[in-house]
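Chemist: Please read through the structure below; I'll follow up with questions.
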Amino acid sequence: MLSARQLFLQHQAQTTDFPLLLEVERAEGVYMYGPAGERFLDLISGIGVSNVGHRHPKVLQAIQEQLDKYLHLMVYGEIVQAPPAQLARALSQTLPPGLDNVYFVSSGSEAVEGACKLAKRFTGRSELIAFNNAYHGSTQGSLSLNGSESFKRAFRPLLPDVRHIRHNAEQDLEQISNRTAAVILETVQGEAGVRVPQKEYLQKLRKRCTEVGALLILDEIQSGFGRTGTFWAFEQFEVVPDIVTCAKGMGGGMPIGAFISRREIMHSLKNDPMLGHITTFGGHPVSCAASLATLEVIQTEGLLKEVALKAEQFKQQLVHPAIQEIRNCGLMMAVEFESFAILKAVIDTAILKGLLTDWFLFCDNSMRIAPPLTITMSEIDEACSIILEAIRENVR
Ligand code: PMP
């Protein structure tokens with residue numbers, strides 16, 4: 001019989017010549033376990049997904065309870081289902097007043113697609129503005145918004161009327177005009193290698209959008225659900241978006257996404273022609289039940305208030321001449337090395353020592369540190385000592 005690894009290589013689409021091929025049988029909390037009992041401390045969290053840890057008991061319980069009722073009934077809106085309705089309410093309560101209308105989808109890219117369609121429909125405009133080094137997804141619309149040319153080149157023509165401006169550069173804000181339907185920004189850029197904007201810059205961006213009637217979409221797909229120490233990262237910048245996108249950590253390990261806006265904006269989806277956005281699986285009841293439990297865990301287990309302290313613990317210990325810079329917003333963290341070659345050697349050694357991490361799509365000299373928010377101080381100590389050992393073994 002072929003092993004799972006052989007079957008993967010033979011029958012699953014390969015997207016890189018160098019897949020990691022780590023075999024995992026089980027995961028719990030901050031750890032993943034291999035077939036021979038190997039243990040890996042997870043500093044990736046499925047790229048910001050497992051914010052409450054792998055298989056959080058309250059998430060499992062919520063899933064189990066929903067499994068006993070029904071799985072899938074009908075496309076969006078036709079049958080009232082309690083899990084999405086209750087989740088929509090709970091999400092609204094985490095957001096500034098007015099952001100109380102939720103459209104559920106199944107992934108981050110789809111949330112971005114929906115948000116941009118909504119902005120176009122509501123404003124009657126077509127231009128979308130995004131930022132250098134942005135990552136918003138892999139579908140053709142969201143791909144068009146990405147700020148890295150190498151990712152887009154082979155797929156042109158993409159969406160017309162997309163303009164990219166420099167991140168955190170006030171001079172470029174005047175390019176936002178009364179032709180602009182929406183500006184989309186990751187509150188903290190993730191795949192660019194954790195780039196945190198200036199607070200004043202975000203506030204000026206907000207002001208400019210309001211002046212010209214463009215909607216501000218904040219992509220919280222990677223930064224939301226507690227990752228940065230506040231439920232939404234934008235809370236720390238004192239700006240209020242017109243549309244929020246979320247996914248990843250939202251489902252506690254189950255697939256779900258959403259775009260959220262004010263009722264008067266969202267209602268434009270149902271006018272002329274009707275059905276502005278359709279999804280079969282969006283708001284899947286099992287994912288919504290898991291998401292509601294995830295939200296409650298973040299709010300009731302005191303995870304948010306520990307994030308800054310835990311990030312500081314990493315920063316205090318990760319001191320070595322080979323580490324050039326650490327950028328972070330809470331537990332969304334990038335540790336920069338001189339080159340990809342050095343970082344790759346450190347990561348490979350760390351994996352052998354039982355620690356899983358990687359680099360960023362558009363920043364391959366920085367190590368990702370995005371553990372479950374449930375990580376304990378002693379697990380952080382374990383992570384840091386493995387990383388430092390791996391550095392010592394690879395850097396003279
Ligand atoms: N936006 C951001 C900020 C992301 O980090 C990602 C995923 N890395 C996406 C959108 C796309 O999400 P998905 O992979 O679920 O489509």
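Every chain in the structure tokens has a letter given in the order shown (A, B, ...), and although residue numbers restart at 1 in each chain, ligands are simply numbered from 1 in the order shown.
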I need the residues of stretch 170-332 of chain A that end up classed as strand (DSSP E or B) by DSSP on the backbone, written out as an MDAnalysis selection string.
Modeler: chainID A and resid 180:186 189 195 215:219 243:246 257:261 325:329 332
Chemist: Go ahead and dump the residues you just picked, N, CA and C atoms, as a short mmCIF file (atom, residue, chain, number, x, y, z; two decimals), in the first residue's frame.
Modeler:
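This is the output file selection.cif:
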```cif
data_model
loop_
_atom_site.label_atom_id
_atom_site.label_comp_id
_atom_site.auth_asym_id
_atom_site.auth_seq_id
_atom_site.Cartn_x
_atom_site.Cartn_y
_atom_site.Cartn_z
N THR A 180 -12.65 56.31 -7.30
CA THR A 180 -12.27 55.11 -6.54
C THR A 180 -13.48 54.50 -5.82
N ALA A 181 -13.75 53.24 -6.11
CA ALA A 181 -14.83 52.54 -5.39
C ALA A 181 -14.35 52.19 -3.99
N ALA A 182 -13.15 51.63 -3.91
CA ALA A 182 -12.66 51.21 -2.59
C ALA A 182 -11.14 51.17 -2.56
N VAL A 183 -10.63 51.39 -1.36
CA VAL A 183 -9.23 51.15 -1.07
C VAL A 183 -9.20 49.93 -0.17
N ILE A 184 -8.38 48.95 -0.52
CA ILE A 184 -8.29 47.75 0.32
C ILE A 184 -6.89 47.63 0.90
N LEU A 185 -6.85 47.46 2.21
CA LEU A 185 -5.57 47.42 2.93
C LEU A 185 -5.62 46.33 4.00
N GLU A 186 -4.56 45.54 4.08
CA GLU A 186 -4.41 44.68 5.26
C GLU A 186 -4.04 45.62 6.41
N GLN A 189 0.12 44.40 7.22
CA GLN A 189 0.44 43.54 6.07
C GLN A 189 1.09 42.25 6.55
N ARG A 195 4.23 44.14 8.18
CA ARG A 195 4.51 45.59 8.05
C ARG A 195 3.38 46.34 8.74
N LEU A 215 -14.89 53.72 -0.41
CA LEU A 215 -15.03 52.90 0.78
C LEU A 215 -13.66 52.38 1.21
N LEU A 216 -13.48 52.26 2.51
CA LEU A 216 -12.24 51.69 3.04
C LEU A 216 -12.51 50.25 3.47
N ILE A 217 -11.83 49.32 2.79
CA ILE A 217 -11.95 47.90 3.16
C ILE A 217 -10.71 47.53 3.96
N LEU A 218 -10.86 47.11 5.19
CA LEU A 218 -9.70 46.61 5.93
C LEU A 218 -9.74 45.09 5.91
N ASP A 219 -8.67 44.50 5.38
CA ASP A 219 -8.54 43.05 5.28
C ASP A 219 -7.94 42.55 6.60
N ILE A 243 -15.87 48.40 5.30
CA ILE A 243 -16.06 46.95 5.11
C ILE A 243 -14.87 46.24 5.77
N VAL A 244 -15.15 45.16 6.47
CA VAL A 244 -14.09 44.33 7.07
C VAL A 244 -14.14 42.97 6.41
N THR A 245 -12.98 42.40 6.08
CA THR A 245 -12.96 41.02 5.61
C THR A 245 -12.27 40.16 6.68
N CYS A 246 -12.79 38.96 6.88
CA CYS A 246 -12.15 38.05 7.82
C CYS A 246 -12.29 36.61 7.34
N GLY A 257 -15.32 32.38 6.01
CA GLY A 257 -14.88 33.76 5.84
C GLY A 257 -16.10 34.65 5.86
N ALA A 258 -15.87 35.95 5.86
CA ALA A 258 -17.01 36.88 5.84
C ALA A 258 -16.55 38.25 5.37
N PHE A 259 -17.48 38.99 4.77
CA PHE A 259 -17.27 40.44 4.67
C PHE A 259 -18.42 41.10 5.41
N ILE A 260 -18.05 42.16 6.12
CA ILE A 260 -18.98 42.76 7.08
C ILE A 260 -19.05 44.26 6.78
N SER A 261 -20.25 44.80 6.79
CA SER A 261 -20.37 46.23 6.50
C SER A 261 -21.60 46.81 7.19
N GLU A 325 16.25 42.14 12.69
CA GLU A 325 15.12 42.97 13.10
C GLU A 325 13.97 42.05 13.47
N ILE A 326 13.15 42.48 14.44
CA ILE A 326 11.89 41.77 14.70
C ILE A 326 10.76 42.79 14.53
N ARG A 327 9.84 42.48 13.63
CA ARG A 327 8.66 43.35 13.45
C ARG A 327 7.45 42.61 13.99
N ASN A 328 6.58 43.31 14.69
CA ASN A 328 5.40 42.59 15.17
C ASN A 328 4.25 43.52 15.48
N CYS A 329 3.07 42.95 15.45
CA CYS A 329 1.89 43.56 16.04
C CYS A 329 1.27 42.39 16.79
N MET A 332 1.63 38.47 15.70
CA MET A 332 1.85 38.44 14.25
C MET A 332 3.26 39.02 14.11
#
```
Chemist: Residues within 7 Å of ligand 1, counting only C-alpha atoms and all ligand atoms: report them as an MDAnalysis selection string.
Modeler: chainID A and resid 47 107:110 112 135:138 186 189:191 219:222 247:248
Chemist: Atoms to include: N, CA and C atoms. Write the selected residues as a compact mmCIF listing (two decimals), in the first residue's frame.
Modeler:
```
# COMPACT_ATOMS: atom_id res chain seq x y z
N ILE A 47 -1.02 29.28 9.10
CA ILE A 47 -1.00 30.69 8.69
C ILE A 47 -2.17 31.45 9.35
N SER A 107 -13.94 31.35 2.37
CA SER A 107 -12.48 31.54 2.42
C SER A 107 -12.14 33.02 2.42
N GLY A 108 -10.86 33.31 2.62
CA GLY A 108 -10.41 34.69 2.62
C GLY A 108 -10.54 35.34 1.24
N SER A 109 -10.07 34.62 0.22
CA SER A 109 -10.14 35.18 -1.14
C SER A 109 -11.58 35.54 -1.49
N GLU A 110 -12.49 34.68 -1.11
CA GLU A 110 -13.90 34.91 -1.44
C GLU A 110 -14.46 36.11 -0.67
N VAL A 112 -12.70 38.73 0.09
CA VAL A 112 -12.15 39.89 -0.63
C VAL A 112 -12.95 40.14 -1.91
N TYR A 135 -1.14 41.16 0.09
CA TYR A 135 -1.66 39.83 -0.30
C TYR A 135 -3.13 39.75 0.09
N HIS A 136 -3.97 39.52 -0.91
CA HIS A 136 -5.41 39.43 -0.63
C HIS A 136 -6.03 38.13 -1.13
N GLY A 137 -5.24 37.26 -1.77
CA GLY A 137 -5.82 35.99 -2.18
C GLY A 137 -5.36 35.53 -3.54
N SER A 138 -5.94 34.43 -3.98
CA SER A 138 -5.45 33.74 -5.18
C SER A 138 -6.47 33.62 -6.30
N GLU A 186 -4.56 45.54 4.08
CA GLU A 186 -4.41 44.68 5.26
C GLU A 186 -4.04 45.62 6.41
N GLN A 189 0.12 44.40 7.22
CA GLN A 189 0.44 43.54 6.07
C GLN A 189 1.09 42.25 6.55
N GLY A 190 0.55 41.12 6.14
CA GLY A 190 1.06 39.82 6.60
C GLY A 190 2.15 39.27 5.72
N GLU A 191 1.78 38.88 4.50
CA GLU A 191 2.75 38.19 3.64
C GLU A 191 3.87 39.11 3.15
N ASP A 219 -8.67 44.50 5.38
CA ASP A 219 -8.54 43.05 5.28
C ASP A 219 -7.94 42.55 6.60
N GLU A 220 -8.79 41.93 7.40
CA GLU A 220 -8.37 41.42 8.71
C GLU A 220 -8.29 39.89 8.68
N ILE A 221 -8.11 39.35 7.48
CA ILE A 221 -8.12 37.90 7.32
C ILE A 221 -6.97 37.26 8.12
N GLN A 222 -5.82 37.92 8.12
CA GLN A 222 -4.70 37.38 8.89
C GLN A 222 -4.57 38.06 10.26
N ALA A 247 -11.44 35.73 7.84
CA ALA A 247 -11.46 34.29 7.51
C ALA A 247 -10.46 33.62 8.47
N LYS A 248 -9.64 32.72 7.97
CA LYS A 248 -8.56 32.10 8.74
C LYS A 248 -8.92 31.77 10.19
```
Chemist: Check which residues of stretch 251-324 of chain A sit at most 9 Å from stretch 63-87 of chain A using only C-alpha atoms, and return one row each with the closest pair of atoms and their distance in Å to one decimal, ordered by chain and rising number, as CSV.
Modeler:
```
residue,atom,partner,partner_atom,distance
A:Ile278,CA,A:Tyr76,CA,7.3
A:Thr279,CA,A:Tyr76,CA,6.4
A:Thr280,CA,A:Val75,CA,4.6
A:Phe281,CA,A:Val75,CA,6.6
A:Gly282,CA,A:Tyr76,CA,6.6
A:Gly283,CA,A:Pro84,CA,5.7
A:His284,CA,A:His72,CA,6.7
A:Pro285,CA,A:Pro83,CA,5.5
A:Val286,CA,A:Ile63,CA,5.7
A:Ser287,CA,A:Ile63,CA,7.6
A:Cys288,CA,A:Pro83,CA,5.4
A:Ala289,CA,A:Pro83,CA,5.3
A:Ala290,CA,A:Ile63,CA,5.6
A:Ser291,CA,A:Leu87,CA,7.3
A:Leu292,CA,A:Leu87,CA,5.5
A:Ala293,CA,A:Ile63,CA,8.8
A:Leu295,CA,A:Leu87,CA,8.8
```
Chemist: Please write the residues from the selection above to a file, keeping C-alpha atoms, as an mmCIF file, in the first residue's frame.
Modeler:
```
data_model
loop_
_atom_site.group_PDB
_atom_site.id
_atom_site.type_symbol
_atom_site.label_atom_id
_atom_site.label_comp_id
_atom_site.auth_asym_id
_atom_site.auth_seq_id
_atom_site.Cartn_x
_atom_site.Cartn_y
_atom_site.Cartn_z
ATOM 1 C CA ILE A 278 -24.215 33.930 -4.352
ATOM 2 C CA THR A 279 -22.550 31.085 -2.485
ATOM 3 C CA THR A 280 -23.589 27.487 -1.872
ATOM 4 C CA PHE A 281 -21.514 26.828 1.213
ATOM 5 C CA GLY A 282 -21.079 30.334 2.687
ATOM 6 C CA GLY A 283 -22.193 30.359 6.317
ATOM 7 C CA HIS A 284 -21.948 26.585 6.623
ATOM 8 C CA PRO A 285 -23.649 25.752 9.929
ATOM 9 C CA VAL A 286 -20.810 23.562 11.225
ATOM 10 C CA SER A 287 -18.221 26.245 10.457
ATOM 11 C CA CYS A 288 -20.432 28.921 12.001
ATOM 12 C CA ALA A 289 -20.883 26.859 15.177
ATOM 13 C CA ALA A 290 -17.104 26.427 15.360
ATOM 14 C CA SER A 291 -16.593 30.137 14.752
ATOM 15 C CA LEU A 292 -19.026 31.157 17.471
ATOM 16 C CA ALA A 293 -17.193 28.911 19.940
ATOM 17 C CA LEU A 295 -15.068 33.882 19.324
#
```
Chemist: Might you pull out every residue within 9 Å of stretch 168-179 of chain A, with only C-alpha atoms counted and same-chain residues fewer than 3 positions away left off, and present them as a ChimeraX atom specification?
Modeler: /A:125-129,131,163,165,182-183,196-198,201-202,204-205,208-209,211-214
Chemist: Enumerate as a PDB file with C-alpha atoms, in the first residue's frame all residues of stretch 239-364 of chain A assigned to helix (DSSP H, G or I) by DSSP on the backbone, naming them with the chain letters and numbers the document uses.
Modeler:
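Result saved to result-v6.pdb:
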```pdb
ATOM      1  CA  LYS A 248      -8.560  32.104   8.741  1.00  0.00           C
ATOM      2  CA  GLY A 249      -8.655  32.287  12.573  1.00  0.00           C
ATOM      3  CA  MET A 250     -12.380  32.878  12.427  1.00  0.00           C
ATOM      4  CA  GLY A 251     -13.304  29.196  12.159  1.00  0.00           C
ATOM      5  CA  ARG A 263     -26.639  47.689   6.554  1.00  0.00           C
ATOM      6  CA  GLU A 264     -27.212  50.448   3.972  1.00  0.00           C
ATOM      7  CA  ILE A 265     -24.073  49.411   2.098  1.00  0.00           C
ATOM      8  CA  MET A 266     -24.801  45.684   2.281  1.00  0.00           C
ATOM      9  CA  HIS A 267     -28.374  46.192   1.119  1.00  0.00           C
ATOM     10  CA  SER A 268     -27.091  47.372  -2.259  1.00  0.00           C
ATOM     11  CA  LEU A 269     -26.344  43.703  -2.997  1.00  0.00           C
ATOM     12  CA  LYS A 270     -30.044  42.978  -3.330  1.00  0.00           C
ATOM     13  CA  PRO A 285     -23.649  25.752   9.929  1.00  0.00           C
ATOM     14  CA  VAL A 286     -20.810  23.562  11.225  1.00  0.00           C
ATOM     15  CA  SER A 287     -18.221  26.245  10.457  1.00  0.00           C
ATOM     16  CA  CYS A 288     -20.432  28.921  12.001  1.00  0.00           C
ATOM     17  CA  ALA A 289     -20.883  26.859  15.177  1.00  0.00           C
ATOM     18  CA  ALA A 290     -17.104  26.427  15.360  1.00  0.00           C
ATOM     19  CA  SER A 291     -16.593  30.137  14.752  1.00  0.00           C
ATOM     20  CA  LEU A 292     -19.026  31.157  17.471  1.00  0.00           C
ATOM     21  CA  ALA A 293     -17.193  28.911  19.940  1.00  0.00           C
ATOM     22  CA  THR A 294     -13.844  30.346  18.773  1.00  0.00           C
ATOM     23  CA  LEU A 295     -15.068  33.882  19.324  1.00  0.00           C
ATOM     24  CA  GLU A 296     -16.279  32.974  22.818  1.00  0.00           C
ATOM     25  CA  VAL A 297     -12.978  31.302  23.688  1.00  0.00           C
ATOM     26  CA  ILE A 298     -11.034  34.406  22.633  1.00  0.00           C
ATOM     27  CA  GLN A 299     -13.297  36.622  24.685  1.00  0.00           C
ATOM     28  CA  THR A 300     -13.692  34.499  27.801  1.00  0.00           C
ATOM     29  CA  LEU A 303      -6.291  35.407  25.446  1.00  0.00           C
ATOM     30  CA  LEU A 304      -6.250  38.989  24.174  1.00  0.00           C
ATOM     31  CA  LYS A 305      -4.701  40.573  27.218  1.00  0.00           C
ATOM     32  CA  GLU A 306      -1.807  38.080  27.206  1.00  0.00           C
ATOM     33  CA  VAL A 307      -0.827  38.590  23.564  1.00  0.00           C
ATOM     34  CA  ALA A 308       1.448  41.619  24.108  1.00  0.00           C
ATOM     35  CA  LEU A 309       3.188  39.924  27.037  1.00  0.00           C
ATOM     36  CA  LYS A 310       3.785  36.761  25.025  1.00  0.00           C
ATOM     37  CA  ALA A 311       5.122  38.739  22.069  1.00  0.00           C
ATOM     38  CA  GLU A 312       7.494  40.537  24.430  1.00  0.00           C
ATOM     39  CA  GLN A 313       8.703  37.192  25.791  1.00  0.00           C
ATOM     40  CA  PHE A 314       9.666  36.145  22.243  1.00  0.00           C
ATOM     41  CA  LYS A 315      11.384  39.465  21.578  1.00  0.00           C
ATOM     42  CA  GLN A 316      13.392  39.446  24.779  1.00  0.00           C
ATOM     43  CA  GLN A 317      14.767  35.988  24.126  1.00  0.00           C
ATOM     44  CA  PHE A 340      16.832  33.410   2.547  1.00  0.00           C
ATOM     45  CA  ALA A 341      19.744  30.943   2.545  1.00  0.00           C
ATOM     46  CA  ILE A 342      20.483  31.570   6.234  1.00  0.00           C
ATOM     47  CA  LEU A 343      16.818  31.581   7.221  1.00  0.00           C
ATOM     48  CA  LYS A 344      16.120  28.350   5.311  1.00  0.00           C
ATOM     49  CA  ALA A 345      19.019  26.579   7.032  1.00  0.00           C
ATOM     50  CA  VAL A 346      17.751  27.760  10.439  1.00  0.00           C
ATOM     51  CA  ILE A 347      14.201  26.643   9.665  1.00  0.00           C
ATOM     52  CA  ASP A 348      15.315  23.198   8.429  1.00  0.00           C
ATOM     53  CA  THR A 349      17.364  22.651  11.590  1.00  0.00           C
ATOM     54  CA  ALA A 350      14.501  23.893  13.783  1.00  0.00           C
ATOM     55  CA  ILE A 351      12.117  21.402  12.198  1.00  0.00           C
ATOM     56  CA  LEU A 352      14.542  18.561  12.982  1.00  0.00           C
TER      57      LEU A 352
END
```
Chemist: With only C-alpha atoms as the counted atoms, please give the residues lying no more than 10 Å from A:Asp42, apart from itself and same-chain residues fewer than 6 positions off, as a list in words.
Modeler: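 My reading of the contact set: Ala27, Gly29, Val30, Tyr31, Met32, Ser50, Gly53, His54, Ile351, Gly354, Leu355, Leu356, Thr357, Ile369, Ala370, Pro371, Pro372, Ile375 and Ala383 of chain A.
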Chemist: Okay, now the selection with N, CA and C atoms, as a PDB file, in the first residue's frame?
Modeler:
```pdb
ATOM      1  N   ALA A  27      -3.045  16.686  16.048  1.00  0.00           N
ATOM      2  CA  ALA A  27      -2.594  17.977  16.577  1.00  0.00           C
ATOM      3  C   ALA A  27      -3.447  18.352  17.779  1.00  0.00           C
ATOM      4  N   GLY A  29      -3.557  21.635  20.865  1.00  0.00           N
ATOM      5  CA  GLY A  29      -2.960  22.836  21.448  1.00  0.00           C
ATOM      6  C   GLY A  29      -1.962  23.470  20.504  1.00  0.00           C
ATOM      7  N   VAL A  30      -0.705  23.631  20.964  1.00  0.00           N
ATOM      8  CA  VAL A  30       0.316  24.245  20.087  1.00  0.00           C
ATOM      9  C   VAL A  30       1.167  23.184  19.377  1.00  0.00           C
ATOM     10  N   TYR A  31       0.851  21.912  19.582  1.00  0.00           N
ATOM     11  CA  TYR A  31       1.702  20.855  19.021  1.00  0.00           C
ATOM     12  C   TYR A  31       1.032  20.059  17.906  1.00  0.00           C
ATOM     13  N   MET A  32       1.884  19.610  16.962  1.00  0.00           N
ATOM     14  CA  MET A  32       1.471  18.622  15.967  1.00  0.00           C
ATOM     15  C   MET A  32       2.304  17.363  16.218  1.00  0.00           C
ATOM     16  N   SER A  50      -5.115  28.675  13.553  1.00  0.00           N
ATOM     17  CA  SER A  50      -5.378  28.017  14.847  1.00  0.00           C
ATOM     18  C   SER A  50      -5.120  28.966  16.017  1.00  0.00           C
ATOM     19  N   GLY A  53      -5.626  27.472  19.241  1.00  0.00           N
ATOM     20  CA  GLY A  53      -4.932  26.189  19.369  1.00  0.00           C
ATOM     21  C   GLY A  53      -5.631  25.112  18.561  1.00  0.00           C
ATOM     22  N   HIS A  54      -4.903  24.028  18.316  1.00  0.00           N
ATOM     23  CA  HIS A  54      -5.489  22.919  17.563  1.00  0.00           C
ATOM     24  C   HIS A  54      -6.511  22.195  18.440  1.00  0.00           C
ATOM     25  N   ILE A 351      13.117  22.464  12.403  1.00  0.00           N
ATOM     26  CA  ILE A 351      12.117  21.402  12.198  1.00  0.00           C
ATOM     27  C   ILE A 351      12.661  20.067  12.728  1.00  0.00           C
ATOM     28  N   GLY A 354      12.106  19.843  16.246  1.00  0.00           N
ATOM     29  CA  GLY A 354      10.732  19.814  16.751  1.00  0.00           C
ATOM     30  C   GLY A 354      10.036  21.157  16.802  1.00  0.00           C
ATOM     31  N   LEU A 355      10.386  22.061  15.882  1.00  0.00           N
ATOM     32  CA  LEU A 355       9.699  23.352  15.836  1.00  0.00           C
ATOM     33  C   LEU A 355       9.346  23.684  14.392  1.00  0.00           C
ATOM     34  N   LEU A 356       8.085  24.036  14.163  1.00  0.00           N
ATOM     35  CA  LEU A 356       7.639  24.284  12.791  1.00  0.00           C
ATOM     36  C   LEU A 356       7.440  25.771  12.542  1.00  0.00           C
ATOM     37  N   THR A 357       8.179  26.278  11.559  1.00  0.00           N
ATOM     38  CA  THR A 357       7.952  27.660  11.134  1.00  0.00           C
ATOM     39  C   THR A 357       8.288  27.775   9.653  1.00  0.00           C
ATOM     40  N   ILE A 369       6.503  34.039  13.003  1.00  0.00           N
ATOM     41  CA  ILE A 369       6.174  33.594  14.361  1.00  0.00           C
ATOM     42  C   ILE A 369       4.729  33.967  14.616  1.00  0.00           C
ATOM     43  N   ALA A 370       3.854  32.978  14.477  1.00  0.00           N
ATOM     44  CA  ALA A 370       2.418  33.184  14.653  1.00  0.00           C
ATOM     45  C   ALA A 370       1.829  31.962  15.342  1.00  0.00           C
ATOM     46  N   PRO A 371       2.222  31.728  16.604  1.00  0.00           N
ATOM     47  CA  PRO A 371       1.745  30.523  17.292  1.00  0.00           C
ATOM     48  C   PRO A 371       0.274  30.671  17.674  1.00  0.00           C
ATOM     49  N   PRO A 372      -0.370  29.581  18.059  1.00  0.00           N
ATOM     50  CA  PRO A 372      -1.679  29.739  18.689  1.00  0.00           C
ATOM     51  C   PRO A 372      -1.560  30.746  19.839  1.00  0.00           C
ATOM     52  N   ILE A 375      -0.536  29.714  23.432  1.00  0.00           N
ATOM     53  CA  ILE A 375       0.819  29.260  23.788  1.00  0.00           C
ATOM     54  C   ILE A 375       1.172  29.761  25.190  1.00  0.00           C
ATOM     55  N   ALA A 383      10.297  27.290  22.375  1.00  0.00           N
ATOM     56  CA  ALA A 383      10.419  27.731  20.974  1.00  0.00           C
ATOM     57  C   ALA A 383      11.693  28.553  20.785  1.00  0.00           C
TER      58      ALA A 383
END
```
Chemist: Can you pull out every residue within 7 Å of stretch 321-324 of chain A, counting only C-alpha atoms, but drop anything in the same chain fewer than 5 positions away, and send it as a list in words?
Modeler: Val335, Glu336, Phe337 and Glu338 of chain A
